[in-house]
2 protein chains.
Amino acid sequence: MTKVTKPEISNAGLGFSKSVIGFDETGKQRQLELVGERALTLYVDKQEIVTLMTMGTHPELLTLGYLKNQGFFDSIDEIKIVQVDWETEAVAVVTKKQTSDFSKQMEQRTVTTGCGQGTVFGRLMDKLKDIKVPELVIKQETIYGLLDSLRSHNEVYKKAGAVHGCALCTGSKIDFFVEDVGRHNAVDSIAGYMWLNNISGDDKTFYTTGRLTSEMVIKVSQMGIPILLSRSGATQMGLDMAKQSGVTLISRAKGKHFMVLNGVENIEFDS
Amino acid sequence: MTKVTKPEISNAGLGFSKSVIGFDETGKQRQLELVGERALTLYVDKQEIVTLMTMGTHPELLTLGYLKNQGFFDSIDEIKIVQVDWETEAVAVVTKKQTSDFSKQMEQRTVTTGCGQGTVFGRLMDKLKDIKVPELVIKQETIYGLLDSLRSHNEVYKKAGAVHGCALCTGSKIDFFVEDVGRHNAVDSIAGYMWLNNISGDDKTFYTTGRLTSEMVIKVSQMGIPILLSRSGATQMGLDMAKQSGVTLISRAKGKHFMVLNGVENIEFDS
């Protein structure tokens, strides 16, 4: 067995906001913070793949997670370099083969793009059929502890708004927290973090400020994470997907409230 | 000059929510409403274009607006029929030519897909360079009147959450209001409504519950609407785009508060 080697990645994360002047309802000038939003075009072996709009705090992880979640690679071992250059608004991914042909993937992507006009959907939907996440029991007090821990995060949101946050958690501990202008980017960045660091989803809980749509549930299922927790509500298809893959789905988690939509048998009500 | 004829469209709008049983934090069963989320695959002259995830309240308008905003057609006169069939989760668009070749558009789309992993971006960005929206002055009391009128809408949100609402307004009057699981769908449905009914954006204000990202501002500029109002915040690039096309950008509009980020000279502070 060959040892898996991690790709070399750049470290081009950006700060997240900038002061601008606005006028409030009295006509008075006010200084406020706006989040950044940058175009980042992904090239793999010089082939243009996609342009993402991102805050840019974790562009390398976003790139890796995007490529993984879209099914471009089976193993991170295939990737040699991930190099972000904001001057050209580009990220160059170099594979070990140095010549990849993704025309097949690109073609499929074209016709299956979807999910709120989001990302590849057809293929993800097919893949979900084979995915069952492991069982994981969570205590009510752990949920409350996790919501407490999250309060100190959501920095950008508190400062500038207009972002979505996602967190990878073990029990009530937050392992990794990402905010971005699009919730799919935030999820993909966490997928990139897990992929790069070879982290299994088995004992994890995934938190998102965003809504529990089909695509969110599919991605979290793909990441093998048993519990998905959101501050927001769910859609019917989000719930259907959770039933299919066995994800415990908890919506409207805020303060001391939450609503379990799937997997209530995995919640220990103890508070 | 030939007379523009409207396409024949089906009338397959769906109801928006369904009751399900959840469990609250005390472990008690609670009935709640979840919004629908359906896959809808667009075919133009039997060519598969894209799969959108939608609540499905205005599938024909969504289809028209999507095709218009993506630049598939110059005139609505080119379209003969828009027929939605939920059994097959498909919408068939038939053009007058009955044979269209969109391989060029599809190819471009593949590499420029973007904006929070959203929709065509490269081409939109290029197009924006030529767009200047007309000037329109709005009184502060009109803004307050509009926010008042909106209170009676946002039905689905109030009932089930997990949706974004958009409204096309003349002064403080709401002409058309759409909610959907993705804010891009809601915007596209309004674009479809304007296109189908040959409505100019000149004297309109556009309201969205969603964030003022680059893509939102680009679409509203494309629709020729001078004022864009949101309950949420903006991104830097959203503001940059507004400066470029001349859109008056008002964020954080709620109750008696708002924040003008661009075009303060178009606001009459009178309250």
# chains A, B, ... in the order shown; residues from 1 in each chain; ligands from 1
>>> residues_around(residues="Ile76 (chain B)", least_positions_apart="3", cutoff="12 Å", atoms="only C-alpha atoms", output="VMD selection string")
chain B and resid 3 to 8 61 63 to 65 67 to 68 71 to 73 79 to 82 93 to 96 191 to 198
>>> calpha_fit_and_write(fixed="chain A", moving="chain B", output="compact mmCIF listing (two decimals) with C-alpha atoms, in the first residue's frame")
# COMPACT_ATOMS: atom_id res chain seq x y z
CA MET B 1 -0.25 -0.02 -0.08
CA THR B 2 1.25 3.35 -0.99
CA LYS B 3 1.26 6.04 1.63
CA VAL B 4 -1.20 8.89 1.01
CA THR B 5 0.65 12.17 0.63
CA LYS B 6 -1.06 15.47 1.27
CA PRO B 7 -1.04 18.09 -1.46
CA GLU B 8 1.07 21.21 -1.02
CA ILE B 9 -1.35 24.06 -0.46
CA SER B 10 -0.88 27.82 -0.49
CA ASN B 11 -2.00 29.92 2.44
CA ALA B 12 -3.94 32.72 0.80
CA GLY B 13 -6.87 33.21 3.18
CA LEU B 14 -8.27 36.73 3.12
CA GLY B 15 -9.60 38.93 5.90
CA PHE B 16 -13.33 38.99 5.76
CA SER B 17 -14.67 42.52 5.78
CA LYS B 18 -14.08 46.12 4.82
CA SER B 19 -15.47 49.37 6.21
CA VAL B 20 -17.73 51.41 3.98
CA ILE B 21 -19.89 54.49 4.53
CA GLY B 22 -23.67 54.16 4.40
CA PHE B 23 -26.56 56.45 5.27
CA ASP B 24 -29.14 55.43 7.85
CA GLU B 25 -32.86 56.30 7.83
CA THR B 26 -32.17 59.75 9.30
CA GLY B 27 -29.80 60.47 6.39
CA LYS B 28 -26.84 60.35 8.77
CA GLN B 29 -23.52 58.92 7.58
CA ARG B 30 -22.61 55.66 9.30
CA GLN B 31 -19.56 53.49 9.03
CA LEU B 32 -20.36 49.82 8.55
CA GLU B 33 -18.63 46.56 7.68
CA LEU B 34 -19.38 44.69 4.48
CA VAL B 35 -18.20 41.14 3.90
CA GLY B 36 -15.87 40.52 1.00
CA GLU B 37 -17.01 38.55 -2.01
CA ARG B 38 -14.37 37.52 -4.50
CA ALA B 39 -14.45 35.51 -7.68
CA LEU B 40 -12.18 32.48 -7.61
CA THR B 41 -11.78 30.46 -10.80
CA LEU B 42 -10.71 26.85 -10.37
CA TYR B 43 -8.28 25.32 -12.84
CA VAL B 44 -7.29 21.66 -12.64
CA ASP B 45 -4.24 20.87 -14.78
CA LYS B 46 -4.91 24.15 -16.62
CA GLN B 47 -8.50 23.16 -17.42
CA GLU B 48 -11.07 25.74 -16.29
CA ILE B 49 -13.67 24.11 -14.04
CA VAL B 50 -15.82 26.72 -12.34
CA THR B 51 -15.87 30.21 -10.87
CA LEU B 52 -16.96 30.40 -7.25
CA MET B 53 -17.92 33.56 -5.38
CA THR B 54 -16.37 33.41 -1.94
CA MET B 55 -15.35 35.47 1.05
CA GLY B 56 -11.99 33.84 0.55
CA THR B 57 -11.04 33.00 4.12
CA HIS B 58 -10.17 29.37 3.25
CA PRO B 59 -9.78 29.26 -0.54
CA GLU B 60 -7.61 26.11 -0.60
CA LEU B 61 -10.03 24.10 1.57
CA LEU B 62 -12.94 25.39 -0.48
CA THR B 63 -11.20 24.22 -3.65
CA LEU B 64 -10.47 20.77 -2.23
CA GLY B 65 -13.97 20.35 -0.80
CA TYR B 66 -15.62 21.53 -4.00
CA LEU B 67 -13.65 19.05 -6.09
CA LYS B 68 -14.35 16.25 -3.63
CA ASN B 69 -18.08 16.96 -3.28
CA GLN B 70 -18.45 17.18 -7.05
CA GLY B 71 -16.79 13.81 -7.45
CA PHE B 72 -13.74 14.95 -9.41
CA PHE B 73 -11.33 12.81 -7.41
CA ASP B 74 -11.46 9.58 -5.45
CA SER B 75 -8.38 10.17 -3.32
CA ILE B 76 -6.58 13.30 -2.16
CA ASP B 77 -3.43 11.43 -3.10
CA GLU B 78 -4.18 12.30 -6.73
CA ILE B 79 -3.64 16.01 -6.03
CA LYS B 80 -0.15 17.48 -5.90
CA ILE B 81 -0.56 21.24 -5.51
CA VAL B 82 -3.32 23.74 -4.67
CA GLN B 83 -2.10 27.26 -5.34
CA VAL B 84 -4.35 30.31 -4.89
CA ASP B 85 -3.46 33.62 -6.54
CA TRP B 86 -5.79 36.50 -5.76
CA GLU B 87 -4.07 38.78 -8.32
CA THR B 88 -5.52 36.67 -11.08
CA GLU B 89 -8.47 35.46 -8.97
CA ALA B 90 -7.47 31.91 -9.78
CA VAL B 91 -6.60 28.69 -8.02
CA ALA B 92 -4.39 26.24 -9.85
CA VAL B 93 -4.76 22.60 -8.91
CA VAL B 94 -2.04 20.32 -10.24
CA THR B 95 -2.56 16.57 -10.18
CA LYS B 96 0.17 13.98 -10.00
CA LYS B 97 -0.69 12.87 -13.51
CA GLN B 98 -0.51 16.54 -14.55
CA THR B 99 -3.00 15.89 -17.31
CA SER B 100 -6.60 15.27 -16.41
CA ASP B 101 -9.56 15.07 -18.72
CA PHE B 102 -12.73 16.16 -16.98
CA SER B 103 -14.83 16.65 -20.09
CA LYS B 104 -17.10 13.77 -18.98
CA GLN B 105 -17.68 15.34 -15.54
CA MET B 106 -18.17 18.76 -17.08
CA GLU B 107 -20.73 17.43 -19.50
CA GLN B 108 -22.69 15.71 -16.74
CA ARG B 109 -22.44 18.79 -14.62
CA THR B 110 -23.93 20.90 -17.34
CA VAL B 111 -27.16 19.02 -17.45
CA THR B 112 -27.52 18.17 -13.81
CA THR B 113 -26.58 21.46 -12.21
CA GLY B 114 -29.31 22.29 -9.81
CA CYS B 115 -30.48 22.64 -6.26
CA GLY B 116 -31.47 26.25 -5.99
CA GLN B 117 -29.41 26.59 -9.16
CA GLY B 118 -26.59 25.21 -7.10
CA THR B 119 -24.28 22.36 -7.82
CA VAL B 120 -24.25 18.91 -9.31
CA PHE B 121 -27.39 17.25 -8.24
CA GLY B 122 -28.27 14.32 -10.43
CA ARG B 123 -25.14 12.43 -9.60
CA LEU B 124 -25.29 13.28 -5.89
CA MET B 125 -28.86 12.06 -5.72
CA ASP B 126 -27.83 8.74 -7.28
CA LYS B 127 -24.91 8.41 -4.91
CA LEU B 128 -27.11 9.00 -1.87
CA LYS B 129 -28.87 5.70 -2.49
CA ASP B 130 -25.78 3.85 -1.33
CA ILE B 131 -25.06 6.04 1.67
CA LYS B 132 -26.04 5.17 5.22
CA VAL B 133 -24.45 7.29 7.92
CA PRO B 134 -23.42 5.53 11.15
CA GLU B 135 -25.62 5.82 14.22
CA LEU B 136 -24.65 8.34 16.87
CA VAL B 137 -26.57 9.20 20.03
CA ILE B 138 -26.48 12.80 21.25
CA LYS B 139 -27.56 14.10 24.63
CA GLN B 140 -29.77 17.13 24.90
CA GLU B 141 -27.20 18.79 27.15
CA THR B 142 -24.56 18.21 24.46
CA ILE B 143 -26.77 20.05 21.96
CA TYR B 144 -27.12 22.94 24.40
CA GLY B 145 -23.36 22.90 25.04
CA LEU B 146 -22.70 23.03 21.31
CA LEU B 147 -25.09 25.96 20.83
CA ASP B 148 -23.27 27.72 23.68
CA SER B 149 -19.87 27.12 22.06
CA LEU B 150 -21.18 28.50 18.78
CA ARG B 151 -22.10 31.80 20.36
CA SER B 152 -18.47 32.92 20.42
CA HIS B 153 -18.15 32.10 16.72
CA ASN B 154 -20.36 33.63 14.01
CA GLU B 155 -17.96 36.57 14.20
CA VAL B 156 -18.42 37.81 10.68
CA TYR B 157 -22.15 37.48 10.92
CA LYS B 158 -22.21 39.55 14.07
CA LYS B 159 -19.91 42.14 12.53
CA ALA B 160 -21.11 42.36 8.97
CA GLY B 161 -24.01 39.95 8.39
CA ALA B 162 -24.68 38.52 4.93
CA VAL B 163 -22.87 35.23 5.54
CA HIS B 164 -23.61 31.64 6.45
CA GLY B 165 -21.67 29.72 9.05
CA CYS B 166 -20.99 26.00 9.28
CA ALA B 167 -19.24 24.06 12.01
CA LEU B 168 -17.79 20.58 12.37
CA CYS B 169 -18.27 19.48 15.98
CA THR B 170 -17.33 16.58 18.25
CA GLY B 171 -19.82 16.49 21.09
CA SER B 172 -20.19 20.10 22.18
CA LYS B 173 -16.67 21.01 21.01
CA ILE B 174 -16.23 22.94 17.77
CA ASP B 175 -13.41 21.46 15.68
CA PHE B 176 -13.64 23.80 12.71
CA PHE B 177 -15.84 26.76 11.89
CA VAL B 178 -16.18 28.46 8.49
CA GLU B 179 -18.23 31.37 7.29
CA ASP B 180 -18.81 32.29 3.66
CA VAL B 181 -21.19 34.26 1.46
CA GLY B 182 -22.75 31.04 0.19
CA ARG B 183 -23.65 28.19 2.49
CA HIS B 184 -22.50 25.66 -0.11
CA ASN B 185 -19.03 27.17 0.04
CA ALA B 186 -18.98 26.90 3.82
CA VAL B 187 -19.99 23.21 3.63
CA ASP B 188 -17.45 22.52 0.90
CA SER B 189 -14.68 24.17 2.91
CA ILE B 190 -15.43 21.87 5.83
CA ALA B 191 -15.42 18.89 3.44
CA GLY B 192 -12.00 20.08 2.24
CA TYR B 193 -10.75 20.35 5.83
CA MET B 194 -11.89 16.79 6.60
CA TRP B 195 -10.45 15.44 3.36
CA LEU B 196 -7.08 17.14 3.78
CA ASN B 197 -6.74 16.03 7.38
CA ASN B 198 -8.22 12.57 6.87
CA ILE B 199 -10.97 13.12 9.44
CA SER B 200 -13.85 10.66 9.61
CA GLY B 201 -17.39 11.92 10.11
CA ASP B 202 -18.43 8.98 12.35
CA ASP B 203 -18.49 10.83 15.66
CA LYS B 204 -19.25 14.30 14.32
CA THR B 205 -22.16 16.69 14.41
CA PHE B 206 -22.54 19.23 11.62
CA TYR B 207 -23.99 22.67 12.42
CA THR B 208 -25.22 25.18 9.86
CA THR B 209 -26.92 28.55 10.11
CA GLY B 210 -28.50 27.78 6.72
CA ARG B 211 -31.61 25.91 5.76
CA LEU B 212 -31.82 22.14 5.66
CA THR B 213 -32.44 21.67 1.94
CA SER B 214 -31.87 18.47 -0.01
CA GLU B 215 -28.42 19.56 -1.11
CA MET B 216 -27.29 20.33 2.45
CA VAL B 217 -28.45 16.93 3.69
CA ILE B 218 -26.90 15.13 0.71
CA LYS B 219 -23.52 16.76 1.28
CA VAL B 220 -23.49 16.03 5.00
CA SER B 221 -24.49 12.42 4.28
CA GLN B 222 -21.67 12.16 1.76
CA MET B 223 -19.31 13.38 4.46
CA GLY B 224 -20.50 10.48 6.63
CA ILE B 225 -21.72 12.71 9.46
CA PRO B 226 -24.60 11.24 11.51
CA ILE B 227 -26.12 14.42 13.00
CA LEU B 228 -27.11 17.66 11.25
CA LEU B 229 -28.18 20.64 13.31
CA SER B 230 -29.46 23.98 12.02
CA ARG B 231 -30.67 27.30 13.34
CA SER B 232 -33.09 27.40 10.38
CA GLY B 233 -35.92 25.25 9.05
CA ALA B 234 -35.96 22.29 6.67
CA THR B 235 -37.61 21.51 3.36
CA GLN B 236 -39.64 18.37 2.72
CA MET B 237 -36.97 16.99 0.43
CA GLY B 238 -34.29 17.74 3.01
CA LEU B 239 -36.29 15.57 5.42
CA ASP B 240 -36.79 12.85 2.80
CA MET B 241 -33.04 12.72 2.15
CA ALA B 242 -32.31 12.52 5.88
CA LYS B 243 -34.70 9.57 6.20
CA GLN B 244 -32.97 7.86 3.31
CA SER B 245 -29.39 8.22 4.58
CA GLY B 246 -30.26 8.00 8.29
CA VAL B 247 -29.05 11.48 9.24
CA THR B 248 -30.50 12.75 12.51
CA LEU B 249 -32.04 16.06 11.48
CA ILE B 250 -32.51 18.83 14.03
CA SER B 251 -33.96 22.17 12.93
CA ARG B 252 -34.65 25.51 14.66
CA ALA B 253 -31.85 24.99 17.20
CA LYS B 254 -31.52 28.25 19.08
CA GLY B 255 -31.13 28.96 22.80
CA LYS B 256 -32.97 26.15 24.58
CA HIS B 257 -35.21 25.20 21.68
CA PHE B 258 -34.89 22.69 18.87
CA MET B 259 -37.07 20.50 16.69
CA VAL B 260 -36.09 16.95 15.78
CA LEU B 261 -37.37 16.01 12.32
CA ASN B 262 -35.62 12.67 11.88
CA GLY B 263 -33.85 10.22 14.21
CA VAL B 264 -35.54 11.18 17.49
CA GLU B 265 -34.38 7.77 18.82
CA ASN B 266 -30.82 9.14 18.73
CA ILE B 267 -31.59 12.00 21.12
CA GLU B 268 -31.25 11.50 24.88
CA PHE B 269 -33.67 13.95 26.42
CA ASP B 270 -32.00 14.65 29.73
CA SER B 271 -32.39 18.34 30.50
>>> select_by_dssp(residues="region 20-267 of chain A", states="helix (DSSP H, G or I)", output="number ranges by chain")
A: 59-69, 76-78, 103-112, 122-128, 140-151, 155-160, 183-196, 214-222, 236-245, 264-266
